[in-house]
>>> print(open('model-v5.pdb').read())   # PDB, C-alpha atoms, pLDDT in the B column
ATOM      1  CA  GLU A 990      11.180   1.504   4.418  1.00 95.00           C
ATOM      2  CA  VAL A 991       8.915   1.661   1.376  1.00 96.00           C
ATOM      3  CA  HIS A 992       5.805  -0.523   1.334  1.00 97.00           C
ATOM      4  CA  LEU A 993       2.837  -0.752  -1.028  1.00 98.00           C
ATOM      5  CA  VAL A 994      -0.171  -2.879  -0.110  1.00 98.00           C
ATOM      6  CA  GLU A 995      -3.070  -3.402  -2.492  1.00 98.00           C
ATOM      7  CA  SER A 996      -6.614  -4.296  -1.469  1.00 97.00           C
ATOM      8  CA  GLY A 997     -10.084  -4.426  -2.932  1.00 97.00           C
ATOM      9  CA  GLY A 998      -9.702  -7.298  -5.340  1.00 91.00           C
ATOM     10  CA  GLY A 999     -12.045 -10.243  -5.515  1.00 95.00           C
ATOM     11  CA  TRP A1000     -14.725 -11.806  -7.600  1.00 96.00           C
ATOM     12  CA  VAL A1001     -16.903  -9.523  -9.744  1.00 97.00           C
ATOM     13  CA  GLN A1002     -19.539 -10.204 -12.387  1.00 97.00           C
ATOM     14  CA  PRO A1003     -19.120  -8.966 -15.956  1.00 97.00           C
ATOM     15  CA  GLY A1004     -20.496  -5.462 -16.264  1.00 97.00           C
ATOM     16  CA  GLY A1005     -19.913  -4.769 -12.595  1.00 97.00           C
ATOM     17  CA  SER A1006     -17.393  -2.451 -10.983  1.00 97.00           C
ATOM     18  CA  VAL A1007     -14.523  -2.771  -8.566  1.00 97.00           C
ATOM     19  CA  ARG A1008     -12.272  -0.328  -6.760  1.00 98.00           C
ATOM     20  CA  LEU A1009      -8.702  -1.218  -5.961  1.00 98.00           C
ATOM     21  CA  SER A1010      -6.752   0.600  -3.264  1.00 98.00           C
ATOM     22  CA  CYS A1011      -3.055   0.815  -2.580  1.00 98.00           C
ATOM     23  CA  ALA A1012      -1.833   1.940   0.829  1.00 98.00           C
ATOM     24  CA  VAL A1013       1.729   3.194   0.797  1.00 97.00           C
ATOM     25  CA  SER A1014       4.224   3.901   3.538  1.00 96.00           C
ATOM     26  CA  GLY A1015       7.781   5.159   3.607  1.00 96.00           C
ATOM     27  CA  PHE A1016       6.978   7.939   1.155  1.00 95.00           C
ATOM     28  CA  THR A1017       4.026  10.090   0.130  1.00 94.00           C
ATOM     29  CA  VAL A1018       1.979   9.605  -3.021  1.00 94.00           C
ATOM     30  CA  ASP A1019       2.098  13.371  -3.588  1.00 92.00           C
ATOM     31  CA  GLU A1020       5.856  13.194  -4.162  1.00 92.00           C
ATOM     32  CA  TYR A1021       5.943  10.446  -6.790  1.00 94.00           C
ATOM     33  CA  ALA A1022       4.192   9.369  -9.955  1.00 94.00           C
ATOM     34  CA  MET A1023       2.251   6.175  -9.321  1.00 96.00           C
ATOM     35  CA  HIS A1024       1.086   3.487 -11.721  1.00 97.00           C
ATOM     36  CA  TRP A1025      -0.972   0.331 -11.986  1.00 98.00           C
ATOM     37  CA  VAL A1026       0.365  -2.676 -13.870  1.00 98.00           C
ATOM     38  CA  ARG A1027      -1.626  -5.863 -14.358  1.00 98.00           C
ATOM     39  CA  GLN A1028      -0.749  -9.446 -15.127  1.00 98.00           C
ATOM     40  CA  ARG A1029      -3.281 -11.905 -16.459  1.00 98.00           C
ATOM     41  CA  PRO A1030      -2.858 -15.475 -15.219  1.00 96.00           C
ATOM     42  CA  GLY A1031       0.233 -17.017 -16.786  1.00 95.00           C
ATOM     43  CA  LYS A1032       0.861 -13.954 -18.936  1.00 97.00           C
ATOM     44  CA  GLY A1033       3.215 -11.006 -19.055  1.00 97.00           C
ATOM     45  CA  LEU A1034       3.078  -7.536 -17.578  1.00 98.00           C
ATOM     46  CA  GLU A1035       0.722  -4.911 -18.965  1.00 97.00           C
ATOM     47  CA  TRP A1036       0.893  -1.257 -17.975  1.00 97.00           C
ATOM     48  CA  VAL A1037      -2.633  -0.012 -17.216  1.00 97.00           C
ATOM     49  CA  SER A1038      -2.595   3.531 -15.865  1.00 97.00           C
ATOM     50  CA  GLY A1039      -0.464   6.206 -14.277  1.00 95.00           C
ATOM     51  CA  ILE A1040      -0.888   9.435 -12.332  1.00 95.00           C
ATOM     52  CA  GLY A1041       1.653  12.192 -11.952  1.00 89.00           C
ATOM     53  CA  TRP A1042       2.893  13.391  -8.602  1.00 84.00           C
ATOM     54  CA  SER A1043       0.607  16.413  -8.779  1.00 81.00           C
ATOM     55  CA  SER A1044      -2.447  14.445 -10.042  1.00 72.00           C
ATOM     56  CA  GLY A1045      -2.558  16.813 -12.994  1.00 77.00           C
ATOM     57  CA  SER A1046      -1.285  14.193 -15.381  1.00 90.00           C
ATOM     58  CA  LEU A1047      -3.252  11.013 -15.985  1.00 94.00           C
ATOM     59  CA  ALA A1048      -2.551   8.273 -18.510  1.00 94.00           C
ATOM     60  CA  TYR A1049      -4.348   5.107 -19.533  1.00 96.00           C
ATOM     61  CA  ALA A1050      -3.655   2.174 -21.804  1.00 95.00           C
ATOM     62  CA  ASP A1051      -5.918   2.147 -24.850  1.00 94.00           C
ATOM     63  CA  SER A1052      -7.376  -1.154 -23.687  1.00 93.00           C
ATOM     64  CA  VAL A1053      -8.847   0.416 -20.539  1.00 96.00           C
ATOM     65  CA  LYS A1054      -9.470   4.012 -21.539  1.00 96.00           C
ATOM     66  CA  GLY A1055     -12.983   5.139 -20.644  1.00 96.00           C
ATOM     67  CA  ARG A1056     -13.523   2.342 -18.108  1.00 97.00           C
ATOM     68  CA  PHE A1057     -10.637   2.769 -15.667  1.00 98.00           C
ATOM     69  CA  THR A1058     -10.041   5.802 -13.457  1.00 98.00           C
ATOM     70  CA  ILE A1059      -6.892   6.364 -11.467  1.00 97.00           C
ATOM     71  CA  SER A1060      -6.781   8.724  -8.498  1.00 96.00           C
ATOM     72  CA  LYS A1061      -5.016   9.278  -5.227  1.00 96.00           C
ATOM     73  CA  ASP A1062      -5.601  10.653  -1.740  1.00 95.00           C
ATOM     74  CA  GLY A1063      -2.534  12.452  -0.487  1.00 93.00           C
ATOM     75  CA  ALA A1064      -3.989  13.007   2.969  1.00 94.00           C
ATOM     76  CA  HIS A1065      -4.243   9.257   3.538  1.00 96.00           C
ATOM     77  CA  ASN A1066      -1.402   8.184   1.268  1.00 96.00           C
ATOM     78  CA  LEU A1067      -3.615   6.045  -0.916  1.00 97.00           C
ATOM     79  CA  LEU A1068      -3.734   5.217  -4.623  1.00 97.00           C
ATOM     80  CA  PHE A1069      -6.924   3.991  -6.283  1.00 98.00           C
ATOM     81  CA  LEU A1070      -8.035   2.299  -9.461  1.00 98.00           C
ATOM     82  CA  GLN A1071     -11.731   2.329 -10.237  1.00 98.00           C
ATOM     83  CA  ILE A1072     -12.776  -0.241 -12.827  1.00 98.00           C
ATOM     84  CA  GLU A1073     -16.183   0.078 -14.455  1.00 97.00           C
ATOM     85  CA  THR A1074     -18.050  -2.254 -16.790  1.00 97.00           C
ATOM     86  CA  VAL A1075     -15.595  -5.029 -16.053  1.00 97.00           C
ATOM     87  CA  ARG A1076     -14.898  -7.620 -18.717  1.00 96.00           C
ATOM     88  CA  PRO A1077     -13.565 -11.169 -18.444  1.00 96.00           C
ATOM     89  CA  GLU A1078     -10.262  -9.955 -19.895  1.00 96.00           C
ATOM     90  CA  ASP A1079      -9.859  -7.641 -16.891  1.00 97.00           C
ATOM     91  CA  SER A1080      -9.235 -10.714 -14.734  1.00 98.00           C
ATOM     92  CA  ALA A1081      -5.680 -10.220 -13.533  1.00 98.00           C
ATOM     93  CA  LEU A1082      -3.348  -9.490 -10.673  1.00 98.00           C
ATOM     94  CA  TYR A1083      -3.156  -5.718 -10.346  1.00 98.00           C
ATOM     95  CA  PHE A1084       0.114  -4.289  -9.055  1.00 98.00           C
ATOM     96  CA  CYS A1085       0.485  -0.850  -7.544  1.00 98.00           C
ATOM     97  CA  THR A1086       3.869   0.657  -8.379  1.00 98.00           C
ATOM     98  CA  ARG A1087       5.910   3.724  -7.560  1.00 97.00           C
ATOM     99  CA  ALA A1088       7.833   5.424 -10.337  1.00 95.00           C
ATOM    100  CA  LEU A1089      11.400   6.577  -9.987  1.00 89.00           C
ATOM    101  CA  VAL A1090      11.931  10.321 -10.038  1.00 75.00           C
ATOM    102  CA  GLY A1091      11.322  11.109 -13.694  1.00 75.00           C
ATOM    103  CA  GLY A1092       8.215   8.956 -13.729  1.00 74.00           C
ATOM    104  CA  SER A1093       9.256   6.288 -16.182  1.00 85.00           C
ATOM    105  CA  TYR A1094      10.509   3.264 -14.268  1.00 95.00           C
ATOM    106  CA  PHE A1095       8.919   1.356 -11.403  1.00 97.00           C
ATOM    107  CA  ASP A1096      11.230   0.950  -8.453  1.00 96.00           C
ATOM    108  CA  HIS A1097       8.778  -0.359  -5.876  1.00 97.00           C
ATOM    109  CA  TRP A1098       5.865  -2.762  -6.297  1.00 98.00           C
ATOM    110  CA  GLY A1099       3.115  -4.108  -4.119  1.00 98.00           C
ATOM    111  CA  GLN A1100       2.255  -7.800  -4.044  1.00 97.00           C
ATOM    112  CA  GLY A1101      -0.862  -7.285  -6.126  1.00 98.00           C
ATOM    113  CA  ALA A1102      -4.643  -7.485  -5.832  1.00 98.00           C
ATOM    114  CA  LEU A1103      -6.404 -10.255  -7.734  1.00 98.00           C
ATOM    115  CA  VAL A1104      -9.532  -9.452  -9.715  1.00 98.00           C
ATOM    116  CA  ASN A1105     -11.607 -12.352 -11.037  1.00 97.00           C
ATOM    117  CA  VAL A1106     -14.355 -11.506 -13.500  1.00 96.00           C
ATOM    118  CA  SER A1107     -16.848 -14.305 -13.927  1.00 93.00           C
ATOM    119  CA  SER A1108     -20.586 -14.857 -14.054  1.00 89.00           C
TER     120      SER A1108
ATOM    121  CA  GLU B 377       1.906   1.373 -32.714  1.00 72.00           C
ATOM    122  CA  MET B 378       5.124   0.667 -30.922  1.00 78.00           C
ATOM    123  CA  VAL B 379       5.908  -2.935 -30.057  1.00 84.00           C
ATOM    124  CA  VAL B 380       8.644  -4.119 -27.735  1.00 90.00           C
ATOM    125  CA  THR B 381      10.021  -7.516 -28.720  1.00 93.00           C
ATOM    126  CA  GLN B 382      12.155  -9.666 -26.475  1.00 97.00           C
ATOM    127  CA  SER B 383      14.263 -12.632 -27.472  1.00 96.00           C
ATOM    128  CA  PRO B 384      14.739 -15.437 -26.926  1.00 97.00           C
ATOM    129  CA  ALA B 385      11.486 -16.554 -25.371  1.00 97.00           C
ATOM    130  CA  THR B 386      13.346 -19.058 -23.220  1.00 98.00           C
ATOM    131  CA  LEU B 387      17.012 -19.317 -22.317  1.00 97.00           C
ATOM    132  CA  SER B 388      18.498 -22.355 -20.600  1.00 97.00           C
ATOM    133  CA  LEU B 389      21.943 -21.940 -19.097  1.00 96.00           C
ATOM    134  CA  SER B 390      24.102 -23.335 -16.321  1.00 96.00           C
ATOM    135  CA  PRO B 391      25.480 -21.545 -13.246  1.00 95.00           C
ATOM    136  CA  GLY B 392      28.619 -19.615 -14.042  1.00 96.00           C
ATOM    137  CA  GLU B 393      27.629 -18.959 -17.652  1.00 97.00           C
ATOM    138  CA  THR B 394      26.705 -15.564 -19.106  1.00 97.00           C
ATOM    139  CA  ALA B 395      23.163 -14.738 -20.204  1.00 97.00           C
ATOM    140  CA  SER B 396      22.370 -12.190 -22.895  1.00 98.00           C
ATOM    141  CA  LEU B 397      18.755 -11.113 -23.186  1.00 98.00           C
ATOM    142  CA  SER B 398      17.608  -8.933 -26.046  1.00 98.00           C
ATOM    143  CA  CYS B 399      14.921  -6.274 -26.324  1.00 95.00           C
ATOM    144  CA  ARG B 400      14.061  -4.349 -29.478  1.00 92.00           C
ATOM    145  CA  ALA B 401      11.693  -1.446 -30.055  1.00 84.00           C
ATOM    146  CA  SER B 402       9.735  -1.425 -33.275  1.00 79.00           C
ATOM    147  CA  GLN B 403      10.154   2.240 -34.083  1.00 71.00           C
ATOM    148  CA  SER B 404      13.317   3.935 -35.266  1.00 60.00           C
ATOM    149  CA  VAL B 405      12.974   6.610 -32.609  1.00 59.00           C
ATOM    150  CA  SER B 406      13.533   4.797 -29.388  1.00 64.00           C
ATOM    151  CA  PHE B 407      13.961   5.655 -25.794  1.00 80.00           C
ATOM    152  CA  ASP B 408      15.687   4.090 -22.875  1.00 88.00           C
ATOM    153  CA  VAL B 409      14.394   0.947 -21.225  1.00 92.00           C
ATOM    154  CA  ALA B 410      14.206  -0.706 -17.852  1.00 96.00           C
ATOM    155  CA  TRP B 411      14.693  -4.380 -17.069  1.00 97.00           C
ATOM    156  CA  TYR B 412      12.744  -6.294 -14.410  1.00 98.00           C
ATOM    157  CA  GLN B 413      13.086  -9.749 -12.938  1.00 98.00           C
ATOM    158  CA  GLN B 414      10.038 -11.687 -11.794  1.00 98.00           C
ATOM    159  CA  LYS B 415      10.072 -14.944  -9.909  1.00 97.00           C
ATOM    160  CA  PRO B 416       6.997 -17.168  -9.468  1.00 95.00           C
ATOM    161  CA  GLY B 417       4.521 -15.750  -6.992  1.00 95.00           C
ATOM    162  CA  GLN B 418       6.469 -12.520  -6.585  1.00 97.00           C
ATOM    163  CA  ALA B 419       6.167  -8.972  -7.805  1.00 98.00           C
ATOM    164  CA  PRO B 420       8.656  -7.834 -10.426  1.00 98.00           C
ATOM    165  CA  ARG B 421      11.914  -6.275  -9.258  1.00 98.00           C
ATOM    166  CA  LEU B 422      13.619  -3.392 -11.013  1.00 98.00           C
ATOM    167  CA  LEU B 423      17.121  -4.343 -12.143  1.00 98.00           C
ATOM    168  CA  ILE B 424      18.210  -1.738 -14.683  1.00 97.00           C
ATOM    169  CA  TYR B 425      16.810   1.672 -15.609  1.00 95.00           C
ATOM    170  CA  GLY B 426      17.828   4.209 -18.220  1.00 92.00           C
ATOM    171  CA  SER B 427      19.112   1.234 -20.248  1.00 93.00           C
ATOM    172  CA  SER B 428      22.330   0.855 -18.247  1.00 95.00           C
ATOM    173  CA  ASN B 429      21.898   2.030 -14.658  1.00 95.00           C
ATOM    174  CA  ARG B 430      21.661  -0.587 -11.942  1.00 97.00           C
ATOM    175  CA  ALA B 431      18.879  -0.104  -9.440  1.00 96.00           C
ATOM    176  CA  ALA B 432      19.643   0.031  -5.743  1.00 95.00           C
ATOM    177  CA  GLY B 433      20.866  -3.253  -4.320  1.00 96.00           C
ATOM    178  CA  ILE B 434      21.286  -5.003  -7.671  1.00 97.00           C
ATOM    179  CA  PRO B 435      24.492  -7.048  -7.973  1.00 97.00           C
ATOM    180  CA  ALA B 436      27.163  -5.919 -10.396  1.00 98.00           C
ATOM    181  CA  ARG B 437      26.763  -9.096 -12.459  1.00 98.00           C
ATOM    182  CA  PHE B 438      23.643  -7.475 -13.956  1.00 98.00           C
ATOM    183  CA  SER B 439      24.392  -4.931 -16.675  1.00 98.00           C
ATOM    184  CA  GLY B 440      22.459  -3.236 -19.425  1.00 97.00           C
ATOM    185  CA  SER B 441      23.491  -1.740 -22.732  1.00 96.00           C
ATOM    186  CA  ARG B 442      21.979  -0.062 -25.757  1.00 93.00           C
ATOM    187  CA  SER B 443      22.787   0.087 -29.449  1.00 90.00           C
ATOM    188  CA  GLY B 444      20.254   2.185 -31.315  1.00 85.00           C
ATOM    189  CA  THR B 445      16.898   0.472 -30.869  1.00 85.00           C
ATOM    190  CA  ASP B 446      18.475  -2.728 -29.548  1.00 91.00           C
ATOM    191  CA  PHE B 447      18.867  -3.253 -25.822  1.00 95.00           C
ATOM    192  CA  THR B 448      20.687  -6.026 -23.998  1.00 97.00           C
ATOM    193  CA  LEU B 449      20.592  -7.280 -20.440  1.00 98.00           C
ATOM    194  CA  THR B 450      23.708  -9.238 -19.578  1.00 98.00           C
ATOM    195  CA  ILE B 451      23.939 -11.422 -16.515  1.00 98.00           C
ATOM    196  CA  SER B 452      27.488 -12.570 -15.885  1.00 97.00           C
ATOM    197  CA  SER B 453      28.427 -15.612 -13.820  1.00 96.00           C
ATOM    198  CA  LEU B 454      24.873 -16.838 -13.426  1.00 96.00           C
ATOM    199  CA  GLU B 455      23.748 -17.766  -9.954  1.00 96.00           C
ATOM    200  CA  PRO B 456      20.972 -20.331  -9.276  1.00 94.00           C
ATOM    201  CA  GLU B 457      18.754 -17.541  -7.888  1.00 96.00           C
ATOM    202  CA  ASP B 458      18.824 -15.702 -11.225  1.00 96.00           C
ATOM    203  CA  PHE B 459      16.093 -17.933 -12.689  1.00 94.00           C
ATOM    204  CA  GLY B 460      12.829 -16.236 -13.534  1.00 97.00           C
ATOM    205  CA  VAL B 461      11.187 -14.162 -16.212  1.00 98.00           C
ATOM    206  CA  TYR B 462      12.837 -10.966 -17.366  1.00 98.00           C
ATOM    207  CA  TYR B 463      10.883  -8.088 -18.872  1.00 98.00           C
ATOM    208  CA  CYS B 464      12.072  -4.966 -20.604  1.00 96.00           C
ATOM    209  CA  GLN B 465       9.958  -1.830 -20.517  1.00 95.00           C
ATOM    210  CA  GLN B 466      10.044   1.216 -22.756  1.00 91.00           C
ATOM    211  CA  ARG B 467      10.127   4.430 -20.759  1.00 86.00           C
ATOM    212  CA  ILE B 468       8.090   6.675 -22.990  1.00 79.00           C
ATOM    213  CA  ASN B 469       4.813   4.738 -22.946  1.00 86.00           C
ATOM    214  CA  TRP B 470       5.585   2.196 -20.216  1.00 91.00           C
ATOM    215  CA  LEU B 471       5.157  -0.632 -22.710  1.00 92.00           C
ATOM    216  CA  PHE B 472       6.482  -4.038 -21.644  1.00 95.00           C
ATOM    217  CA  GLY B 473       7.985  -6.738 -23.790  1.00 96.00           C
ATOM    218  CA  GLN B 474       6.552 -10.245 -23.613  1.00 97.00           C
ATOM    219  CA  GLY B 475       9.367 -11.522 -21.398  1.00 98.00           C
ATOM    220  CA  THR B 476      12.262 -13.978 -21.544  1.00 98.00           C
ATOM    221  CA  ARG B 477      12.192 -16.999 -19.281  1.00 98.00           C
ATOM    222  CA  LEU B 478      15.645 -17.793 -17.902  1.00 97.00           C
ATOM    223  CA  GLU B 479      16.071 -21.366 -16.778  1.00 96.00           C
ATOM    224  CA  ILE B 480      19.101 -22.255 -14.787  1.00 84.00           C
TER     225      ILE B 480
END
>>> encode(input="model-v5.pdb", output="structure tokens")
Amino acid sequence: EVHLVESGGGWVQPGGSVRLSCAVSGFTVDEYAMHWVRQRPGKGLEWVSGIGWSSGSLAYADSVKGRFTISKDGAHNLLFLQIETVRPEDSALYFCTRALVGGSYFDHWGQGALVNVSS
Amino acid sequence: EMVVTQSPATLSLSPGETASLSCRASQSVSFDVAWYQQKPGQAPRLLIYGSSNRAAGIPARFSGSRSGTDFTLTISSLEPEDFGVYYCQQRINWLFGQGTRLEI
């Protein structure tokens, strides 16, 4: 059975950094493209970043480019999202997702990690 | 810049009725979409991918269609558990629409 479990969220001051992790089971991160999607409180879904199955392909939303870094550890079946120079607008629930073969649609989601940016 | 627009913002229907949710891409060259359902406090769930393919375990009352740059999610014979917010997502840049809230 496929499971994705995010961790690493919490309270962070503006300008600080935070690293989100996603532990997966039931498949390996080296076989699928993986993505992060966020949802600000009471708002809609916003795609943030994605990484191809081979890690050779990385993509970022314009709103986070230069501050967010996506990566994965195939040996431990983990997905990461490093967020630098956090801003209040980065406050959101961050979902880890697996993409269907083809890489475009998200067939499995974690329950999310909450990041609160406040001074 | 591509924009994905969903309508209506809110849809109020009764059990047994049929819901039609719309999604439109702003550019003339469009690609297939996916549809997701999200209930309060839950992660989204994939319903439809490739515009018209049901995801695993999704009931047959959910169907998707495409006409050019216009996409429709149809939910036939609404069940009480179908309430929630529905999002469409463009496949080429993973862009989401703003969502349609379905009230039963």
>>> atom_distance(input="model-v5.pdb", atom1="CA of Gln1100 (chain A)", atom2="CA of Ser390 (chain B)")
29.5 Å
>>> resolve_selection(input="model-v5.pdb", expression="the PyMOL selection byres ((chain B and resi 394-404) around 8)", output="compact mmCIF listing (two decimals) with C-alpha atoms, in the coordinates of the input")
# COMPACT_ATOMS: atom_id res chain seq x y z
CA MET B 378 5.12 0.67 -30.92
CA VAL B 379 5.91 -2.94 -30.06
CA VAL B 380 8.64 -4.12 -27.74
CA THR B 381 10.02 -7.52 -28.72
CA GLN B 382 12.16 -9.67 -26.48
CA SER B 383 14.26 -12.63 -27.47
CA PRO B 384 14.74 -15.44 -26.93
CA LEU B 387 17.01 -19.32 -22.32
CA LEU B 389 21.94 -21.94 -19.10
CA GLY B 392 28.62 -19.61 -14.04
CA GLU B 393 27.63 -18.96 -17.65
CA VAL B 405 12.97 6.61 -32.61
CA SER B 406 13.53 4.80 -29.39
CA THR B 445 16.90 0.47 -30.87
CA ASP B 446 18.48 -2.73 -29.55
CA PHE B 447 18.87 -3.25 -25.82
CA THR B 448 20.69 -6.03 -24.00
CA LEU B 449 20.59 -7.28 -20.44
CA THR B 450 23.71 -9.24 -19.58
CA ILE B 451 23.94 -11.42 -16.52
CA SER B 452 27.49 -12.57 -15.88
CA SER B 453 28.43 -15.61 -13.82
CA LEU B 454 24.87 -16.84 -13.43
CA CYS B 464 12.07 -4.97 -20.60
CA GLN B 466 10.04 1.22 -22.76
CA GLY B 473 7.98 -6.74 -23.79
CA THR B 476 12.26 -13.98 -21.54
>>> resolve_selection(input="model-v5.pdb", expression="the PyMOL selection byres ((chain B) within 10 of (chain A))", output="PyMOL selection string")
chain B and resi 408-412+414+416-426+431-432+461-476
>>> resolve_selection(input="model-v5.pdb", expression="the PyMOL selection byres ((chain A and resi 1106) around 8)", output="ChimeraX atom specification")
/A:1000-1003,1075-1080,1104-1105,1107-1108
>>> write_last_selection(input="model-v5.pdb", atoms="C-alpha atoms", output="PDB file, keeping the file's coordinate frame")
ATOM      1  CA  TRP A1000     -14.725 -11.806  -7.600  1.00 96.00           C
ATOM      2  CA  VAL A1001     -16.903  -9.523  -9.744  1.00 97.00           C
ATOM      3  CA  GLN A1002     -19.539 -10.204 -12.387  1.00 97.00           C
ATOM      4  CA  PRO A1003     -19.120  -8.966 -15.956  1.00 97.00           C
ATOM      5  CA  VAL A1075     -15.595  -5.029 -16.053  1.00 97.00           C
ATOM      6  CA  ARG A1076     -14.898  -7.620 -18.717  1.00 96.00           C
ATOM      7  CA  PRO A1077     -13.565 -11.169 -18.444  1.00 96.00           C
ATOM      8  CA  GLU A1078     -10.262  -9.955 -19.895  1.00 96.00           C
ATOM      9  CA  ASP A1079      -9.859  -7.641 -16.891  1.00 97.00           C
ATOM     10  CA  SER A1080      -9.235 -10.714 -14.734  1.00 98.00           C
ATOM     11  CA  VAL A1104      -9.532  -9.452  -9.715  1.00 98.00           C
ATOM     12  CA  ASN A1105     -11.607 -12.352 -11.037  1.00 97.00           C
ATOM     13  CA  SER A1107     -16.848 -14.305 -13.927  1.00 93.00           C
ATOM     14  CA  SER A1108     -20.586 -14.857 -14.054  1.00 89.00           C
TER      15      SER A1108
END
>>> residues_around(input="model-v5.pdb", residues="Glu1020 (chain A)", least_positions_apart="6", cutoff="9 Å", atoms="only C-alpha atoms", output="PDB file with C-alpha atoms, in the coordinates of the input")
ATOM      1  CA  GLY A1041       1.653  12.192 -11.952  1.00 89.00           C
ATOM      2  CA  TRP A1042       2.893  13.391  -8.602  1.00 84.00           C
ATOM      3  CA  SER A1043       0.607  16.413  -8.779  1.00 81.00           C
ATOM      4  CA  VAL A1090      11.931  10.321 -10.038  1.00 75.00           C
TER       5      VAL A1090
END
>>> axis_aligned_box(input="model-v5.pdb", around="region 425-428 of chain B", padding_each_side="3 Å", output="AutoDock Vina command-line options")
--center_x 19.6 --center_y 2.5 --center_z -17.9 --size_x 11.5 --size_y 9.4 --size_z 10.6
>>> atom_distance(input="model-v5.pdb", atom1="CA of Asp458 (chain B)", atom2="CA of Leu1103 (chain A)")
26.0 Å
>>> residues_around(input="model-v5.pdb", residues="Leu1070 (chain A)", least_positions_apart="2", cutoff="9 Å", atoms="only C-alpha atoms", output="list in words")
Val1007, Arg1008, Leu1009, Ser1010, Cys1011, Trp1025, Ser1038, Phe1057, Thr1058, Ile1059, Ser1060, Lys1061, Leu1068 and Ile1072 of chain A
>>> atom_distance(input="model-v5.pdb", atom1="CA of Glu1073 (chain A)", atom2="CA of Gly1005 (chain A)")
6.4 Å
>>> closest_residue(input="model-v5.pdb", among="A:Val1013, A:Ala1081, A:Ala1022, A:Ile1040", to="Gly998 (chain A)", atoms="all atoms listed in the file")
A:Ala1081
>>> residues_around(input="model-v5.pdb", residues="Ser1014 (chain A)", least_positions_apart="2", cutoff="6 Å", atoms="all atoms listed in the file", output="MDAnalysis selection string")
chainID A and resid 991:992 1016
